[in-house]
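*Asks:* Next comes the structure file my_file00.pdb, holding PDB, C-alpha atoms and all ligand atoms.
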ATOM      1  CA  MET A  17      87.864 183.046 234.693
ATOM      2  CA  ARG A  18      84.717 182.510 232.568
ATOM      3  CA  LYS A  19      84.758 184.559 229.338
ATOM      4  CA  VAL A  20      81.445 186.098 228.376
ATOM      5  CA  ASN A  21      80.608 188.455 225.606
ATOM      6  CA  ASP A  22      77.912 190.556 227.184
ATOM      7  CA  TYR A  23      77.516 194.338 227.437
ATOM      8  CA  TYR A  24      79.897 194.691 230.409
ATOM      9  CA  ALA A  25      82.538 192.376 228.938
ATOM     10  CA  LYS A  26      82.571 194.465 225.739
ATOM     11  CA  LYS A  27      82.654 197.704 227.727
ATOM     12  CA  ALA A  28      85.627 196.379 229.762
ATOM     13  CA  ARG A  29      87.514 195.501 226.577
ATOM     14  CA  LYS A  30      86.759 198.920 225.088
ATOM     15  CA  ASN A  31      88.008 200.678 228.236
ATOM     16  CA  LYS A  32      91.035 198.342 228.469
ATOM     17  CA  PHE A  33      90.132 196.651 231.741
ATOM     18  CA  PRO A  34      91.108 192.991 231.886
ATOM     19  CA  ALA A  35      87.811 191.911 233.552
ATOM     20  CA  ARG A  36      84.152 192.975 233.487
ATOM     21  CA  SER A  37      84.070 192.789 237.302
ATOM     22  CA  VAL A  38      85.384 196.370 237.351
ATOM     23  CA  TYR A  39      81.806 197.583 236.814
ATOM     24  CA  LYS A  40      80.644 195.987 240.072
ATOM     25  CA  LEU A  41      83.161 198.070 242.001
ATOM     26  CA  GLU A  42      82.428 201.132 239.881
ATOM     27  CA  GLU A  43      78.708 200.984 240.662
ATOM     28  CA  ALA A  44      79.320 200.767 244.428
ATOM     29  CA  GLN A  45      81.970 203.507 244.268
ATOM     30  CA  GLN A  46      79.758 205.876 242.262
ATOM     31  CA  LYS A  47      77.026 205.564 244.860
ATOM     32  CA  TYR A  48      79.034 205.545 248.112
ATOM     33  CA  LYS A  49      82.389 207.164 247.199
ATOM     34  CA  PHE A  50      84.387 205.129 249.705
ATOM     35  CA  ILE A  51      87.651 205.411 247.694
ATOM     36  CA  ARG A  52      89.092 208.923 247.590
ATOM     37  CA  LYS A  53      92.083 210.748 246.159
ATOM     38  CA  ARG A  54      95.401 209.908 247.894
ATOM     39  CA  ASP A  55      93.947 206.820 249.596
ATOM     40  CA  SER A  56      95.903 203.649 250.225
ATOM     41  CA  VAL A  57      93.996 200.623 248.881
ATOM     42  CA  LEU A  58      94.568 196.919 249.542
ATOM     43  CA  ASP A  59      92.928 194.676 246.891
ATOM     44  CA  LEU A  60      92.532 191.021 247.957
ATOM     45  CA  GLY A  61      91.879 188.600 245.066
ATOM     46  CA  CYS A  62      93.083 191.160 242.521
ATOM     47  CA  TYR A  63      93.870 189.037 239.422
ATOM     48  CA  PRO A  64      93.679 189.920 236.538
ATOM     49  CA  GLY A  65      93.739 193.461 237.917
ATOM     50  CA  SER A  66      90.624 195.472 236.982
ATOM     51  CA  TRP A  67      89.718 196.559 240.509
ATOM     52  CA  SER A  68      93.289 197.621 241.249
ATOM     53  CA  LEU A  69      93.510 199.571 237.983
ATOM     54  CA  TYR A  70      90.224 201.321 238.730
ATOM     55  CA  ALA A  71      91.246 202.125 242.336
ATOM     56  CA  SER A  72      94.610 203.412 241.105
ATOM     57  CA  GLU A  73      92.843 205.880 238.801
ATOM     58  CA  ILE A  74      90.686 207.187 241.643
ATOM     59  CA  VAL A  75      93.418 207.604 244.258
ATOM     60  CA  GLY A  76      95.831 209.177 241.778
ATOM     61  CA  PRO A  77      99.627 209.513 241.900
ATOM     62  CA  LYS A  78      99.773 210.363 245.617
ATOM     63  CA  GLY A  79      97.888 207.208 246.564
ATOM     64  CA  ILE A  80      98.979 203.574 246.494
ATOM     65  CA  VAL A  81      97.408 200.234 245.578
ATOM     66  CA  VAL A  82      98.630 196.824 246.700
ATOM     67  CA  GLY A  83      97.015 193.839 244.948
ATOM     68  CA  VAL A  84      97.226 190.251 246.231
ATOM     69  CA  ASP A  85      96.247 187.066 244.408
ATOM     70  CA  LEU A  86      97.229 183.414 244.010
ATOM     71  CA  GLN A  87      97.924 184.359 240.388
ATOM     72  CA  GLN A  88     100.503 186.917 239.329
ATOM     73  CA  ALA A  89      98.902 190.093 237.961
ATOM     74  CA  ASP A  90     101.110 192.430 235.977
ATOM     75  CA  CYS A  91      99.180 195.256 234.299
ATOM     76  CA  SER A  92     100.685 198.723 234.526
ATOM     77  CA  PRO A  93      98.769 201.607 236.088
ATOM     78  CA  ARG A  94      97.296 204.174 233.697
ATOM     79  CA  PRO A  95      99.010 207.560 233.338
ATOM     80  CA  GLY A  96      98.050 209.677 236.370
ATOM     81  CA  GLY A  97      97.186 206.570 238.393
ATOM     82  CA  ALA A  98      98.716 205.446 241.678
ATOM     83  CA  PRO A  99     101.531 202.898 241.616
ATOM     84  CA  ILE A 100     100.250 199.326 241.925
ATOM     85  CA  HIS A 101     102.309 196.661 243.726
ATOM     86  CA  TRP A 102     101.280 193.121 242.771
ATOM     87  CA  LEU A 103     101.860 190.315 245.265
ATOM     88  CA  CYS A 104     101.467 186.679 244.247
ATOM     89  CA  GLN A 105     100.368 185.206 247.574
ATOM     90  CA  ASP A 106      97.618 183.236 249.300
ATOM     91  CA  ILE A 107      95.618 185.574 251.554
ATOM     92  CA  THR A 108      95.581 182.867 254.251
ATOM     93  CA  ALA A 109      99.409 182.639 254.381
ATOM     94  CA  PRO A 110     101.000 183.967 257.579
ATOM     95  CA  GLU A 111     103.670 185.763 255.483
ATOM     96  CA  LEU A 112     101.025 187.997 253.902
ATOM     97  CA  VAL A 113     100.796 190.666 256.615
ATOM     98  CA  PRO A 114     104.545 191.423 256.779
ATOM     99  CA  MET A 115     104.744 191.378 252.953
ATOM    100  CA  VAL A 116     101.915 193.913 252.654
ATOM    101  CA  ARG A 117     103.326 196.060 255.451
ATOM    102  CA  ARG A 118     106.486 196.621 253.437
ATOM    103  CA  PHE A 119     104.344 199.073 251.437
ATOM    104  CA  ARG A 120     102.108 200.601 254.157
ATOM    105  CA  PRO A 121     101.585 199.672 257.821
ATOM    106  CA  ALA A 122      97.811 199.978 257.293
ATOM    107  CA  PHE A 123      95.365 200.970 254.557
ATOM    108  CA  ARG A 124      92.442 203.401 254.223
ATOM    109  CA  VAL A 125      90.403 201.010 252.045
ATOM    110  CA  LEU A 126      90.299 197.215 251.747
ATOM    111  CA  ILE A 127      88.536 195.793 248.668
ATOM    112  CA  SER A 128      87.975 192.105 248.037
ATOM    113  CA  ASP A 129      86.535 190.333 245.008
ATOM    114  CA  LEU A 130      87.944 186.977 246.187
ATOM    115  CA  ALA A 131      86.191 183.969 244.718
ATOM    116  CA  PRO A 132      86.848 180.370 245.741
ATOM    117  CA  ARG A 133      87.301 177.726 243.085
ATOM    118  CA  THR A 134      83.723 176.611 242.351
ATOM    119  CA  SER A 135      82.845 173.054 243.349
ATOM    120  CA  GLY A 136      79.463 172.599 241.666
ATOM    121  CA  SER A 137      77.717 172.601 245.055
ATOM    122  CA  ARG A 138      76.095 175.925 245.992
ATOM    123  CA  TRP A 139      76.374 175.051 249.690
ATOM    124  CA  VAL A 140      80.109 174.270 249.493
ATOM    125  CA  ASP A 141      80.798 177.383 247.389
ATOM    126  CA  ALA A 142      78.894 179.627 249.821
ATOM    127  CA  GLN A 143      80.815 178.096 252.734
ATOM    128  CA  ARG A 144      84.206 178.576 251.009
ATOM    129  CA  SER A 145      83.293 182.149 250.092
ATOM    130  CA  LEU A 146      82.351 182.859 253.706
ATOM    131  CA  ASP A 147      85.669 181.376 254.906
ATOM    132  CA  LEU A 148      87.486 183.756 252.547
ATOM    133  CA  VAL A 149      85.530 186.842 253.636
ATOM    134  CA  ASN A 150      86.019 185.951 257.287
ATOM    135  CA  THR A 151      89.765 185.836 256.572
ATOM    136  CA  THR A 152      89.541 189.304 254.995
ATOM    137  CA  LEU A 153      87.771 190.608 258.118
ATOM    138  CA  SER A 154      90.582 189.211 260.280
ATOM    139  CA  LEU A 155      93.067 190.911 257.939
ATOM    140  CA  ALA A 156      91.093 194.160 258.324
ATOM    141  CA  GLU A 157      91.819 194.034 262.042
ATOM    142  CA  LEU A 158      95.534 194.109 261.226
ATOM    143  CA  LEU A 159      95.645 196.131 258.013
ATOM    144  CA  LEU A 160      92.649 198.503 257.876
ATOM    145  CA  LEU A 161      92.870 201.919 259.508
ATOM    146  CA  ASN A 162      90.306 202.991 262.079
ATOM    147  CA  LYS A 163      87.378 204.667 260.211
ATOM    148  CA  GLY A 164      88.574 202.991 257.001
ATOM    149  CA  HIS A 165      86.232 201.391 254.443
ATOM    150  CA  TYR A 166      85.835 197.791 253.260
ATOM    151  CA  ILE A 167      83.955 196.007 250.486
ATOM    152  CA  CYS A 168      83.835 192.286 249.805
ATOM    153  CA  LYS A 169      82.092 189.864 247.504
ATOM    154  CA  VAL A 170      80.114 187.069 249.193
ATOM    155  CA  PHE A 171      78.170 184.127 247.789
ATOM    156  CA  GLN A 172      75.001 184.098 249.845
ATOM    157  CA  GLY A 173      74.370 180.947 251.845
ATOM    158  CA  GLU A 174      72.563 180.158 255.055
ATOM    159  CA  ASP A 175      75.223 181.866 257.212
ATOM    160  CA  PHE A 176      75.085 185.122 255.222
ATOM    161  CA  PRO A 177      72.745 186.958 257.677
ATOM    162  CA  ASP A 178      75.205 186.208 260.514
ATOM    163  CA  PHE A 179      78.047 187.641 258.436
ATOM    164  CA  VAL A 180      76.099 190.871 257.831
ATOM    165  CA  LYS A 181      75.347 191.042 261.562
ATOM    166  CA  LYS A 182      79.069 190.699 262.313
ATOM    167  CA  MET A 183      79.818 193.483 259.814
ATOM    168  CA  ARG A 184      77.236 195.732 261.486
ATOM    169  CA  SER A 185      79.065 195.310 264.793
ATOM    170  CA  GLN A 186      82.362 196.409 263.189
ATOM    171  CA  PHE A 187      81.363 199.241 260.829
ATOM    172  CA  GLY A 188      79.383 202.454 261.271
ATOM    173  CA  MET A 189      77.360 201.790 258.100
ATOM    174  CA  VAL A 190      76.787 198.531 256.193
ATOM    175  CA  LYS A 191      75.106 198.098 252.789
ATOM    176  CA  VAL A 192      74.401 194.913 250.828
ATOM    177  CA  ILE A 193      74.754 195.653 247.115
ATOM    178  CA  LYS A 194      73.698 193.619 244.056
ATOM    179  CA  PRO A 195      75.272 195.532 241.136
ATOM    180  CA  LYS A 196      73.531 195.656 237.758
ATOM    181  CA  SER A 197      76.566 194.016 236.142
ATOM    182  CA  SER A 198      76.318 191.016 238.487
ATOM    183  CA  ARG A 199      74.427 188.223 236.772
ATOM    184  CA  VAL A 200      70.912 187.686 238.158
ATOM    185  CA  GLU A 201      71.469 183.949 238.408
ATOM    186  CA  SER A 202      74.605 184.448 240.525
ATOM    187  CA  ARG A 203      74.243 184.369 244.301
ATOM    188  CA  GLU A 204      77.047 186.885 244.682
ATOM    189  CA  VAL A 205      76.441 190.161 246.461
ATOM    190  CA  PHE A 206      78.826 192.819 247.739
ATOM    191  CA  VAL A 207      78.875 193.967 251.326
ATOM    192  CA  LEU A 208      80.176 197.452 251.960
ATOM    193  CA  GLY A 209      81.265 198.513 255.421
ATOM    194  CA  MET A 210      82.107 202.169 256.003
ATOM    195  CA  GLU A 211      83.727 203.778 259.064
ATOM    196  CA  TYR A 212      85.538 200.771 260.517
ATOM    197  CA  ARG A 213      85.468 200.582 264.280
ATOM    198  CA  LYS A 214      88.857 199.104 264.994
ATOM    199  CA  PRO A 215      88.688 196.783 268.019
ATOM    200  CA  ALA A 216      90.165 198.258 271.195
ATOM    201  CA  GLY A 217      93.760 197.181 271.628
ATOM    202  CA  SER A 218      94.508 196.877 267.872
ATOM    203  CA  SER A 219      97.229 199.176 266.659
ATOM    204  CA  ARG A 220      96.305 202.153 264.374
TER
HETATM  205  C1  LIG B 301      86.800 187.214 240.453
HETATM  206  S1  LIG B 301      88.543 187.089 240.536
HETATM  207  C2  LIG B 301      89.014 188.776 240.895
HETATM  208  C3  LIG B 301      88.857 189.716 239.733
HETATM  209  C4  LIG B 301      89.475 191.073 240.019
HETATM  210  N1  LIG B 301      88.738 191.784 241.064
HETATM  211  C5  LIG B 301      89.494 191.969 238.786
HETATM  212  O1  LIG B 301      88.623 192.848 238.702
HETATM  213  O2  LIG B 301      90.350 191.806 237.927
HETATM  214  C6  LIG B 301      88.790 186.288 242.079
HETATM  215  C7  LIG B 301      90.227 186.010 242.421
HETATM  216  O3  LIG B 301      90.329 185.498 243.769
HETATM  217  C8  LIG B 301      91.552 184.789 243.816
HETATM  218  N2  LIG B 301      91.669 183.967 245.035
HETATM  219  C9  LIG B 301      90.851 182.975 245.458
HETATM  220  N3  LIG B 301      91.308 182.447 246.621
HETATM  221  C10 LIG B 301      92.431 183.149 246.960
HETATM  222  C11 LIG B 301      93.346 183.097 248.045
HETATM  223  N4  LIG B 301      93.199 182.195 249.038
HETATM  224  N5  LIG B 301      94.381 183.965 248.076
HETATM  225  C12 LIG B 301      94.549 184.879 247.064
HETATM  226  N6  LIG B 301      93.712 184.967 246.010
HETATM  227  C13 LIG B 301      92.670 184.118 245.946
HETATM  228  C14 LIG B 301      91.525 183.971 242.534
HETATM  229  O4  LIG B 301      92.833 183.548 242.179
HETATM  230  C15 LIG B 301      90.901 184.963 241.538
HETATM  231  O5  LIG B 301      91.877 185.568 240.726
END
Any chance you could give the structure as structure tokens?
*Replies:*
Amino acid sequence: MRKVNDYYAKKARKNKFPARSVYKLEEAQQKYKFIRKRDSVLDLGCYPGSWSLYASEIVGPKGIVVGVDLQQADCSPRPGGAPIHWLCQDITAPELVPMVRRFRPAFRVLISDLAPRTSGSRWVDAQRSLDLVNTTLSLAELLLLNKGHYICKVFQGEDFPDFVKKMRSQFGMVKVIKPKSSRVESREVFVLGMEYRKPAGSSR
């Protein structure tokens, strides 16, 4: 992960978050309040752990957070925060769903800050990012509760409008968010979907 020494990086260090990306989630949460006390939260692409730590503080001790990443995260929740279970796993692996379901059969909120390894080509990176978010939407079908909420990071490419269209067909409300802490030169945006309409026939 690229180390930068800007305002948000310093703020993250001061507040003991391992990554500045926490402020992207915080901005969306402060506006839309999609994570609530006692919620169950699944964090895909969680390493080094800022989003999970932040979600754990919001949901509190009666909630739960499960974080998944290719890299092993290991920070401890803050006092008063929900327990966090870290899984070192590829989100595309078939074993993921049963592993996650050991903690909860389904979750109230799915958050994803997944980022593919950058290739140097904007087109390739946007395509890889879209593959990852499409995987998270398939996982939502299995692991997100009906009326649950979802937020993901996407690198905008030519297929981005189709992705937003797909989200609009699956959620009651969809917002595209460019947080202040996201660098202007970055093509990343966050897409929030609230009130998931679980496809007919899916369990829960
Ligand atoms: C920007 S970082 C996440 C930062 C995190 N939200 C935080 O605040 O600490 C993106 C993460 O996505 C993970 N990732 C990328 N592809 C993945 C995959 N197929 N399965 C699991 N994790 C993946 C990377 O390992 C990386 O740690």
*Asks:* Which residues are near ligand LIG 301 (chain B) in this structure, taking near to mean any atom at most 6 Å from a ligand atom and counting all atoms listed in the file? Format them as a ChimeraX atom specification.
*Replies:* /A:35,37-38,61-67,85-87,105-108,129-132
*Asks:* Step by step, work through what the PyMOL selection byres (((chain A and resi 127) around 10) and not hetatm) selects in the shown file, and finish by giving those residues as a ChimeraX atom specification.
*Replies:* /A:41,51,57-62,67-68,71,83,125-126,128-130,152,165-169,208
*Asks:* Go ahead and compute the interatomic distance for atom CA of Lys78 of chain A and atom CA of Phe123 of chain A, in Å to one decimal.
*Replies:*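 Taking atom CA of Lys78 of chain A and atom CA of Phe123 of chain A, their separation equals 13.7 Å.
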*Asks:* What is the distance between atom CA of Arg117 of chain A and atom CA of His101 of chain A, in Å to one decimal?
*Replies:*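 Going from atom CA of Arg117 of chain A over to atom CA of His101 of chain A, I get 11.8 Å.
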*Asks:* Which residues would end up in the selection if the PyMOL selection byres (((chain A and resi 158) around 8) and not hetatm) were applied here, given that I need the answer as a PyMOL selection string?
*Replies:* chain A and resi 113+122+154-157+159-160+218-219
*Asks:* Where does the PyMOL selection byres (((chain A and resi 146) around 12) and not hetatm) land in this file, that is, which residues does it pick, as a PyMOL selection string?
*Replies:* chain A and resi 130-132+139-145+147-153+168-180+204-205+207
*Asks:* Take every atom of segment 200-217 of chain A listed in the file, fit an axis-aligned box around them, add 8 Å per side, and give the centre and edge lengths in Å to one decimal as lines of an AutoDock Vina configuration file.
*Replies:*
center_x = 82.3
center_y = 193.9
center_z = 254.9
size_x = 38.8
size_y = 35.8
size_z = 49.5
*Asks:* For Pro121 of chain A, which residue out of A:Lys181, A:Val82, A:Lys53, A:Ala25 is the nearest one, using all atoms listed in the file?
*Replies:* A:Val82
*Asks:* Separation of atom CA of Leu69 of chain A and atom CA of Lys194 of chain A, in Å?
*Replies:*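 Atom-to-atom, atom CA of Leu69 of chain A to atom CA of Lys194 of chain A, that is 21.6 Å.
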*Asks:* Could you give me, as a compact mmCIF listing (two decimals) with C-alpha atoms, keeping the file's coordinate frame, the residues within 8 Å of Ser197 of chain A, counting only C-alpha atoms and dropping anything in the same chain fewer than 5 positions from it?
*Replies:*
# COMPACT_ATOMS: atom_id res chain seq x y z
CA TYR A 24 79.90 194.69 230.41
CA SER A 37 84.07 192.79 237.30
CA TYR A 39 81.81 197.58 236.81
CA LYS A 40 80.64 195.99 240.07
*Asks:* Which polymer residues have any atom within 6 Å of an atom of Ser56 of chain A, counting only C-alpha atoms, with same-chain residues fewer than 5 positions away left out, as a VMD selection string?
*Replies:* chain A and resid 79 to 81 123 to 124
*Asks:* Choose the residue, out of A:Asn162, A:Pro195, A:Ala28, A:Met189, that has the smallest atom-to-atom separation from Ala216 of chain A; count all atoms listed in the file.
*Replies:*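 Closest candidate: A:Asn162.
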